[in-house]
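Engineer: Let me give you the structure first, and then I'll get to my questions.
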Amino acid sequence: MTPAPDHPHAAVPPWRDVRVLRIVAQAVALLVVAVLIGIAVRNMLMAMEARGLGFGFGFLNRSAGFEISESPIPYRPSDTYGTAFIVGLLNTLFVSVIGIVLATVLGIIVGVARLSPNWLVNKVAAGYVELMRNTPLLVQLFIIYFAIFLQLPSVGDTLAWGEGVFLNQRGVFVPGPQAQAGLVPWLALVAAGVVVAIGASRVASSRELDGRPVPGLRLAGIGVLLVLVFGGWAVTGPFAFDLPVRERFNFVGGLRLSPEFSALLFGLVIYTAAFIGEVVRGGIQAVRRGQVEAARALGLSEGQTLRLIVFPQAMRVIVPPLTSQYLNLAKNSSLAVAIGYPDLFKVGQTMANQTGQPVPVLVLIMGTYLAISLVTSLFMNIYNRRVQVLER
Amino acid sequence: MTAGTLPPPRTVVGPIAWLRANLFSGPISSVLTIIIGLGLAWVLLQVGTWAATEARWGVVTNNLRLFLIGQFPPDQAWRVVLNLTMLSLLGGLSAAVYGQATRTLAVTLSVIQLMVAGLMVPSPIGILPVAAMLGNAALVWVAFVLGRRVSIPTRPIMIGWLLSLPATFLLLNGIEGTPFPSISTNAWGGLLLTVLLATVGILLSFPLGVLLALGRRSQLPIIQGLSTGYIELIRGVPLVTILFMADLILPLFLPGEWRLDRVARAMGGITLFSAAYVAENVRGGLQAIPTGQVEAAQALGLNGVQTNLYIVLPQALRSVIPANVGLFISLLKDTTLVTIIGLLELLGIGRAVLAQSESFGAHLEVYAFIAGVFFVLCYAMSQASYRLERAMGVGTR
C-alpha cells in the first residue's frame, strides 16, 4: 500500500471539495425550506390579521358551545374547546381499538379461509377480499350508513334478538354491563388463572423440549383458567346487566350504540379484515413446506407443528404489514366525519369553523394522529422484535 | 365378499370426484359447504331480486351524464371524447412499443371506455357518444396492432406523453374566443374528475417522491432529516387532514393575490400526500439495487449525481412500476375523500343526485352503482398489474 499523501485536499479548490460541497448543499436546502416556511407563516399571519383574528392556542380554554352527539366522558356545551377535543380523541381511540380487535379476529378467519382446501370456502373468501379491496371505503361506509343503518325499522317495529339485543333506526341496543362490588375479586381470580395457565404452558413446553412430556398439563392449565373465570363469575357477580327496555317512543337503559358509531365500526372492520386476511394468508404461505415436513419427520404432532414451527415463522412475516393495517384503520376512522360520528377530525373541524383558527386546530389534529401512529408503531415494533428470529 | 376381491376403485376424475375432493372431503368440510352454500344462495337471491325488481335504476341511467362528466356543458362533452381518443392512440402505441410496462395503461383505457359505452346504452344520452366510446376502445387495440407491425420510434411517443397532460388541461379548460370556450374547473365532475385527480396526483407526485426517496437515503444528515420528517409526517396523518389543509390553510399560506380554485387545491393536497408514498415505493426500489452497482459506477469515475442518474435510478424506477400501479389504484379510491371538502367527483355527484327529489331514498342504487364502477376499474388494473409484476419477475429474482 502506498502511504496517503499528507495533504490530499490541498490541490482541490473549495468549490470542488466534496466536504465543502456537502455543507453548502445542506445549508442551501435548510435555507430554502426555512424561507418557504417563513413566507408561508408571514402570509398566514397577515391573512389572519386582515380577518381581525390573532393566532394562538388560547381558544382551548374558551367555552365550546356546541353539542357532541356521543361522548365516553361527561360533556356539556359549556365545557371548553380543550374538553371537546379530548372527547373527539377518546371517540377516535374507542372506535379504533374495538375496530382493530374485531378486524384482527375477522381477518384471521378470512386468511385461513383463503387457504382452505374447501373450494367454496376458498372462493367465497376470495370474492369477499376482492370486493372490499377494489371499492373505496367511503362508498362502503355510505352504503352501510345510509342504505342499511338509516333504513332499519323504526322503534315501533324494532328487530329483536332474544331479550337483550335490539336493532332499529336509533341504533343498536345491547345489555349494558355495570360494575358491581364483586368486580375486583373476580379480576384477581382471572389474573390468577392467567398466571396458572401461562405457567403450566411454560412448564409443558420445557418438559416437551427435554423429552419428558407431561400429557395434559397444558389442558389442565387452561381448565383451571376457565374454572376461575366462569366459576368466579358465578360466585362474585362482577357485572350486573342493564337490559334495554322498550318505552313508548324509545328504549331506555342498556347500552346504546349509535347508528353512526355502529356503521363506522362495521365498515372499518369489514374493510380492514380483507387486508388483514391477505396479510395472514401471505404469512402462512411464506412458511416453506419443508418446515412442516421436517416437523412431521421429527415426530411432532399436528398441534405442535402449528404452534412451534408454522406460527412463529408466519408471525415474522405477518407483524410488519399488520402494523401498517392497524395504522390504516386508525387513520381511516377519520372518515367518520362523512357520516357524522364525532371523532377527532369531526370535532376539530367544528372547532376550526367556530373559532376561525384553522391553523392551530389542524396542528393539533395532525399532531394527535401522528402521536397515535407513533405509539402504535412503537408497541408493534417491540412485539415485532420479540417474534423476529435472532440472527448472528 | 370373498377375500382377494377388491371393491371397484373410487372415481378419481370427473365431476363427482371433484365434488368429493373439493367440497365434501370430510364431515367438517361438508357441513361448511352446506351452510355457506345455503347462505350464499340466500344472499344472492335477495340481492338479485332487489336488483331485478325493486331497484330504481332509472336514478342512475337518467343522470348518467352527471355521473360521467359532472356539470361539464353537454354541448362541449365531445372535448372529453377527443381527449380520450388522443390518450387511446398514445396508450395503444406505447403498449406496442414499450411492451409490458404500459400494457396496464392500455388495458385500463379500453376497459374504462367499454364500461362507459355499456352504461350509456340504457341511458338517454344517444347513440353517437356510445359509438365514439366504442371507437376509442377499439382504437387502443388498433394502435397496438399497428405499433407491432410498423416500427415506430419511441421518441415521438415520449414527446406525445409529455405533451398529453398540458394538452388535456388545455382541451378541458379551453380558451375564450376559440371553438373551445373556457369551462371553469367548478364544472368538472363525476368520473372525469375522479380519474383526473388520481392521474394528476400520481404524475405530479412522482418527481417529488423520487427526490424525497433519494433525500432519505442521502448521507447528508440535514437533507436526510428533512426528507424523513416529511415522509413520516404525511404517512402518519389521514388524507382528510391533508385535504382539509389544502382546502382551508394553503390559501392562507399563499400571498393574498394568489387565488387557487378548489380543484387545483385538491390536486395539490393529493400530490403532497401521494409524494410520501411514492417516496417509500422508490426507496424500496433503491434498496434493491446491489451495492456493487454503485461501487462499479464510482470505480468508473462517475460522480454522485451521475451514479444516481445513469446507474441507480433507471434500475430502481423500473422495478417499482408495479408498486406504483398499486398506489394509483388506492389513490383512485382515495379521491372519493374530496367529497368531504365539497368537490363533485363521482361520489360527490352521487350525493348531489340523491339530493334531487325524484331520487329520494335511492341510496343503495346510487352507491351500489358507484361501488360497481370503482370495482371494475380497480379490479382490471390490479389484475393487469399482477400480470405485469409476474412478467417483470419482481419478487422472484
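Identifiers in the C-alpha cells: chain A, B, ... in order shown; residue index from 1 per chain; ligand index from 1 in order shown.
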Hey, which bits of chain A sit within 6 Å of chain B, and for each residue what's the closest pair of atoms and how far apart in Å (one decimal), counting only C-alpha atoms, rows by chain and increasing number, as JSON lines?
Structural biologist:
```
{"residue": "A:Gln26", "atom": "CA", "partner": "B:Ile222", "partner_atom": "CA", "distance": 6.0}
{"residue": "A:Ala40", "atom": "CA", "partner": "B:Phe253", "partner_atom": "CA", "distance": 4.3}
{"residue": "A:Asn43", "atom": "CA", "partner": "B:Phe253", "partner_atom": "CA", "distance": 5.3}
{"residue": "A:Met44", "atom": "CA", "partner": "B:Leu252", "partner_atom": "CA", "distance": 4.8}
{"residue": "A:Asn118", "atom": "CA", "partner": "B:Asn22", "partner_atom": "CA", "distance": 5.1}
{"residue": "A:Trp119", "atom": "CA", "partner": "B:Asn22", "partner_atom": "CA", "distance": 5.2}
{"residue": "A:Asn134", "atom": "CA", "partner": "B:Phe375", "partner_atom": "CA", "distance": 5.0}
{"residue": "A:Thr135", "atom": "CA", "partner": "B:Phe375", "partner_atom": "CA", "distance": 5.3}
{"residue": "A:Pro136", "atom": "CA", "partner": "B:Lys333", "partner_atom": "CA", "distance": 4.7}
{"residue": "A:Ala147", "atom": "CA", "partner": "B:Leu364", "partner_atom": "CA", "distance": 5.3}
{"residue": "A:Lys331", "atom": "CA", "partner": "B:Pro238", "partner_atom": "CA", "distance": 4.9}
{"residue": "A:Met366", "atom": "CA", "partner": "B:Val237", "partner_atom": "CA", "distance": 6.0}
{"residue": "A:Tyr369", "atom": "CA", "partner": "B:Val237", "partner_atom": "CA", "distance": 5.5}
{"residue": "A:Leu370", "atom": "CA", "partner": "B:Gly236", "partner_atom": "CA", "distance": 4.9}
{"residue": "A:Ser373", "atom": "CA", "partner": "B:Gly236", "partner_atom": "CA", "distance": 5.7}
```
Engineer: Give me the residues near segment 310-320 of chain B as a ChimeraX atom specification, where near means some atom within 8 Å (using only C-alpha atoms) and where sequence neighbours in that chain fewer than 2 positions away do not count.
Structural biologist: /B:281-282,284-286,288-289,293-294,297,306-308,322-324,392,394
Engineer: Please provide as a ChimeraX atom specification all residues within 8 Å of segment 60-73 of chain A, with the sequence filter that same-chain residues fewer than 2 positions apart are discarded (counting only C-alpha atoms).
Structural biologist: /A:57-58,75-82,84,87-88,90-91,341-342,347,351
Engineer: I need the residues from that last selection saved to file as a PDB file, in the first residue's frame (with N, CA and C atoms), if you can.
Structural biologist:
```
ATOM      1  N   PHE A  57     -53.206  29.306  20.700  1.00  0.00           N
ATOM      2  CA  PHE A  57     -53.985  28.195  21.211  1.00  0.00           C
ATOM      3  C   PHE A  57     -54.878  28.628  22.379  1.00  0.00           C
ATOM      4  N   GLY A  58     -55.005  29.948  22.588  1.00  0.00           N
ATOM      5  CA  GLY A  58     -55.773  30.445  23.715  1.00  0.00           C
ATOM      6  C   GLY A  58     -57.225  30.001  23.709  1.00  0.00           C
ATOM      7  N   TYR A  75     -69.886  15.458  29.021  1.00  0.00           N
ATOM      8  CA  TYR A  75     -69.536  16.653  28.257  1.00  0.00           C
ATOM      9  C   TYR A  75     -70.790  17.503  28.082  1.00  0.00           C
ATOM     10  N   ARG A  76     -70.656  18.807  28.337  1.00  0.00           N
ATOM     11  CA  ARG A  76     -71.744  19.748  28.092  1.00  0.00           C
ATOM     12  C   ARG A  76     -71.228  20.859  27.190  1.00  0.00           C
ATOM     13  N   PRO A  77     -72.112  21.501  26.412  1.00  0.00           N
ATOM     14  CA  PRO A  77     -71.647  22.565  25.511  1.00  0.00           C
ATOM     15  C   PRO A  77     -70.911  23.687  26.246  1.00  0.00           C
ATOM     16  N   SER A  78     -71.140  23.826  27.561  1.00  0.00           N
ATOM     17  CA  SER A  78     -70.454  24.903  28.273  1.00  0.00           C
ATOM     18  C   SER A  78     -69.003  24.543  28.595  1.00  0.00           C
ATOM     19  N   ASP A  79     -68.615  23.295  28.355  1.00  0.00           N
ATOM     20  CA  ASP A  79     -67.223  22.910  28.599  1.00  0.00           C
ATOM     21  C   ASP A  79     -66.295  23.569  27.584  1.00  0.00           C
ATOM     22  N   THR A  80     -64.988  23.467  27.844  1.00  0.00           N
ATOM     23  CA  THR A  80     -64.037  24.176  26.977  1.00  0.00           C
ATOM     24  C   THR A  80     -63.788  23.416  25.672  1.00  0.00           C
ATOM     25  N   TYR A  81     -63.172  24.154  24.725  1.00  0.00           N
ATOM     26  CA  TYR A  81     -62.758  23.526  23.469  1.00  0.00           C
ATOM     27  C   TYR A  81     -61.777  22.388  23.731  1.00  0.00           C
ATOM     28  N   GLY A  82     -60.927  22.595  24.749  1.00  0.00           N
ATOM     29  CA  GLY A  82     -59.963  21.552  25.091  1.00  0.00           C
ATOM     30  C   GLY A  82     -60.671  20.254  25.449  1.00  0.00           C
ATOM     31  N   ALA A  84     -63.715  19.399  24.544  1.00  0.00           N
ATOM     32  CA  ALA A  84     -64.360  18.889  23.332  1.00  0.00           C
ATOM     33  C   ALA A  84     -63.353  18.102  22.499  1.00  0.00           C
ATOM     34  N   VAL A  87     -62.808  14.762  23.957  1.00  0.00           N
ATOM     35  CA  VAL A  87     -63.934  13.881  23.659  1.00  0.00           C
ATOM     36  C   VAL A  87     -63.753  13.271  22.268  1.00  0.00           C
ATOM     37  N   GLY A  88     -63.384  14.130  21.283  1.00  0.00           N
ATOM     38  CA  GLY A  88     -63.152  13.628  19.929  1.00  0.00           C
ATOM     39  C   GLY A  88     -62.054  12.588  19.897  1.00  0.00           C
ATOM     40  N   LEU A  90     -61.037  10.656  22.368  1.00  0.00           N
ATOM     41  CA  LEU A  90     -61.480   9.414  23.000  1.00  0.00           C
ATOM     42  C   LEU A  90     -62.384   8.628  22.056  1.00  0.00           C
ATOM     43  N   ASN A  91     -63.264   9.336  21.330  1.00  0.00           N
ATOM     44  CA  ASN A  91     -64.133   8.644  20.375  1.00  0.00           C
ATOM     45  C   ASN A  91     -63.311   7.950  19.298  1.00  0.00           C
ATOM     46  N   TYR A 341     -70.089  10.792  12.859  1.00  0.00           N
ATOM     47  CA  TYR A 341     -69.637  10.316  14.167  1.00  0.00           C
ATOM     48  C   TYR A 341     -68.618  11.326  14.693  1.00  0.00           C
ATOM     49  N   PRO A 342     -68.794  11.817  15.932  1.00  0.00           N
ATOM     50  CA  PRO A 342     -67.940  12.913  16.406  1.00  0.00           C
ATOM     51  C   PRO A 342     -66.548  12.448  16.807  1.00  0.00           C
ATOM     52  N   VAL A 347     -64.774  16.754  15.345  1.00  0.00           N
ATOM     53  CA  VAL A 347     -64.792  17.762  16.402  1.00  0.00           C
ATOM     54  C   VAL A 347     -63.831  18.898  16.045  1.00  0.00           C
ATOM     55  N   MET A 351     -64.480  22.854  15.537  1.00  0.00           N
ATOM     56  CA  MET A 351     -63.708  23.854  16.276  1.00  0.00           C
ATOM     57  C   MET A 351     -63.099  24.873  15.329  1.00  0.00           C
TER      58      MET A 351
END
```
Engineer: Find the residues around Leu300 of chain A up to 12 Å (only C-alpha atoms counted), leave out those fewer than 5 positions away in its own chain, and share them as an MDAnalysis selection string.
Structural biologist: chainID A and resid 208:209 211 291:295 305:310
Engineer: Could you save those same residues with N, CA and C atoms as a PDB file, in the first residue's frame?
Structural biologist:
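Writing done, so here's out.pdb:
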```pdb
ATOM      1  N   GLU A 208     -41.418 -30.751  27.282  1.00  0.00           N
ATOM      2  CA  GLU A 208     -41.503 -31.317  25.943  1.00  0.00           C
ATOM      3  C   GLU A 208     -40.144 -31.277  25.271  1.00  0.00           C
ATOM      4  N   LEU A 209     -39.467 -30.128  25.390  1.00  0.00           N
ATOM      5  CA  LEU A 209     -38.169 -29.977  24.738  1.00  0.00           C
ATOM      6  C   LEU A 209     -37.133 -30.885  25.380  1.00  0.00           C
ATOM      7  N   GLY A 211     -37.805 -33.795  26.344  1.00  0.00           N
ATOM      8  CA  GLY A 211     -38.172 -35.166  26.038  1.00  0.00           C
ATOM      9  C   GLY A 211     -38.879 -35.859  27.181  1.00  0.00           C
ATOM     10  N   GLN A 291     -40.484 -27.067   6.055  1.00  0.00           N
ATOM     11  CA  GLN A 291     -40.510 -26.885   7.507  1.00  0.00           C
ATOM     12  C   GLN A 291     -41.539 -27.816   8.139  1.00  0.00           C
ATOM     13  N   VAL A 292     -42.740 -27.872   7.514  1.00  0.00           N
ATOM     14  CA  VAL A 292     -43.801 -28.729   8.036  1.00  0.00           C
ATOM     15  C   VAL A 292     -43.385 -30.187   7.901  1.00  0.00           C
ATOM     16  N   GLU A 293     -42.811 -30.516   6.738  1.00  0.00           N
ATOM     17  CA  GLU A 293     -42.406 -31.904   6.510  1.00  0.00           C
ATOM     18  C   GLU A 293     -41.309 -32.321   7.496  1.00  0.00           C
ATOM     19  N   ALA A 294     -40.388 -31.386   7.756  1.00  0.00           N
ATOM     20  CA  ALA A 294     -39.317 -31.684   8.708  1.00  0.00           C
ATOM     21  C   ALA A 294     -39.897 -31.899  10.100  1.00  0.00           C
ATOM     22  N   ALA A 295     -40.896 -31.077  10.465  1.00  0.00           N
ATOM     23  CA  ALA A 295     -41.520 -31.217  11.782  1.00  0.00           C
ATOM     24  C   ALA A 295     -42.183 -32.581  11.905  1.00  0.00           C
ATOM     25  N   THR A 305     -46.710 -28.908  15.463  1.00  0.00           N
ATOM     26  CA  THR A 305     -46.174 -28.341  14.229  1.00  0.00           C
ATOM     27  C   THR A 305     -46.673 -26.913  14.050  1.00  0.00           C
ATOM     28  N   LEU A 306     -47.983 -26.750  14.239  1.00  0.00           N
ATOM     29  CA  LEU A 306     -48.566 -25.412  14.064  1.00  0.00           C
ATOM     30  C   LEU A 306     -47.971 -24.441  15.082  1.00  0.00           C
ATOM     31  N   ARG A 307     -47.955 -24.888  16.354  1.00  0.00           N
ATOM     32  CA  ARG A 307     -47.606 -23.989  17.440  1.00  0.00           C
ATOM     33  C   ARG A 307     -46.109 -23.671  17.467  1.00  0.00           C
ATOM     34  N   LEU A 308     -45.290 -24.684  17.190  1.00  0.00           N
ATOM     35  CA  LEU A 308     -43.845 -24.490  17.354  1.00  0.00           C
ATOM     36  C   LEU A 308     -43.130 -24.174  16.047  1.00  0.00           C
ATOM     37  N   ILE A 309     -43.682 -24.578  14.917  1.00  0.00           N
ATOM     38  CA  ILE A 309     -42.959 -24.402  13.655  1.00  0.00           C
ATOM     39  C   ILE A 309     -43.614 -23.345  12.766  1.00  0.00           C
ATOM     40  N   VAL A 310     -44.899 -23.549  12.441  1.00  0.00           N
ATOM     41  CA  VAL A 310     -45.545 -22.666  11.455  1.00  0.00           C
ATOM     42  C   VAL A 310     -45.809 -21.287  12.042  1.00  0.00           C
TER      43      VAL A 310
END
```
Engineer: Can you tell me, as number ranges by chain, what residues are no more than 12 Å from Ala179 of chain A when counting only C-alpha atoms, ignoring any on the same chain fewer than 3 positions away?
Structural biologist: A: 176, 182-187, 236-242
Engineer: What's the separation between atom CA of Thr185 of chain B and atom CA of Phe72 of chain B, in Å to one decimal place?
Structural biologist: 8.8 Å
Engineer: Give me the residues within 9 Å of Leu327 of chain A as number ranges by chain, counting only C-alpha atoms and dropping any in the same chain fewer than 3 places off.
Structural biologist: A: 322-324, 330-332, 372-373, 376-377; B: 236
Engineer: Mind writing the picked residues with N, CA and C atoms as a compact mmCIF listing (two decimals), in the first residue's frame?
Structural biologist:
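The new file selection.txt reads:
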```
# COMPACT_ATOMS: atom_id res chain seq x y z
N LEU A 322 -49.04 -6.10 9.27
CA LEU A 322 -50.20 -5.98 10.16
C LEU A 322 -50.17 -4.63 10.86
N THR A 323 -48.98 -4.20 11.26
CA THR A 323 -48.85 -2.88 11.89
C THR A 323 -49.40 -1.80 10.98
N SER A 324 -49.03 -1.86 9.69
CA SER A 324 -49.49 -0.77 8.83
C SER A 324 -50.99 -0.87 8.61
N ALA A 330 -56.75 3.14 12.06
CA ALA A 330 -56.86 4.32 12.92
C ALA A 330 -57.00 5.58 12.07
N LYS A 331 -56.22 5.68 10.98
CA LYS A 331 -56.32 6.87 10.13
C LYS A 331 -57.66 6.91 9.40
N ASN A 332 -58.11 5.72 8.92
CA ASN A 332 -59.37 5.69 8.20
C ASN A 332 -60.56 6.04 9.08
N ILE A 372 -50.69 9.10 17.69
CA ILE A 372 -51.33 7.78 17.70
C ILE A 372 -50.53 6.81 16.84
N SER A 373 -50.14 7.28 15.63
CA SER A 373 -49.38 6.42 14.72
C SER A 373 -48.07 6.00 15.35
N THR A 376 -48.58 3.48 18.26
CA THR A 376 -48.93 2.16 17.74
C THR A 376 -47.70 1.49 17.15
N SER A 377 -46.94 2.24 16.33
CA SER A 377 -45.73 1.67 15.72
C SER A 377 -44.77 1.20 16.79
N GLY B 236 -48.15 9.58 8.57
CA GLY B 236 -48.74 9.39 9.89
C GLY B 236 -50.11 10.03 10.06
```
Engineer: As a PyMOL selection string, please: every residue in segment 230-276 of chain B that DSSP puts in helix (DSSP H, G or I).
Structural biologist: chain B and resi 230-236+239-253+262-276
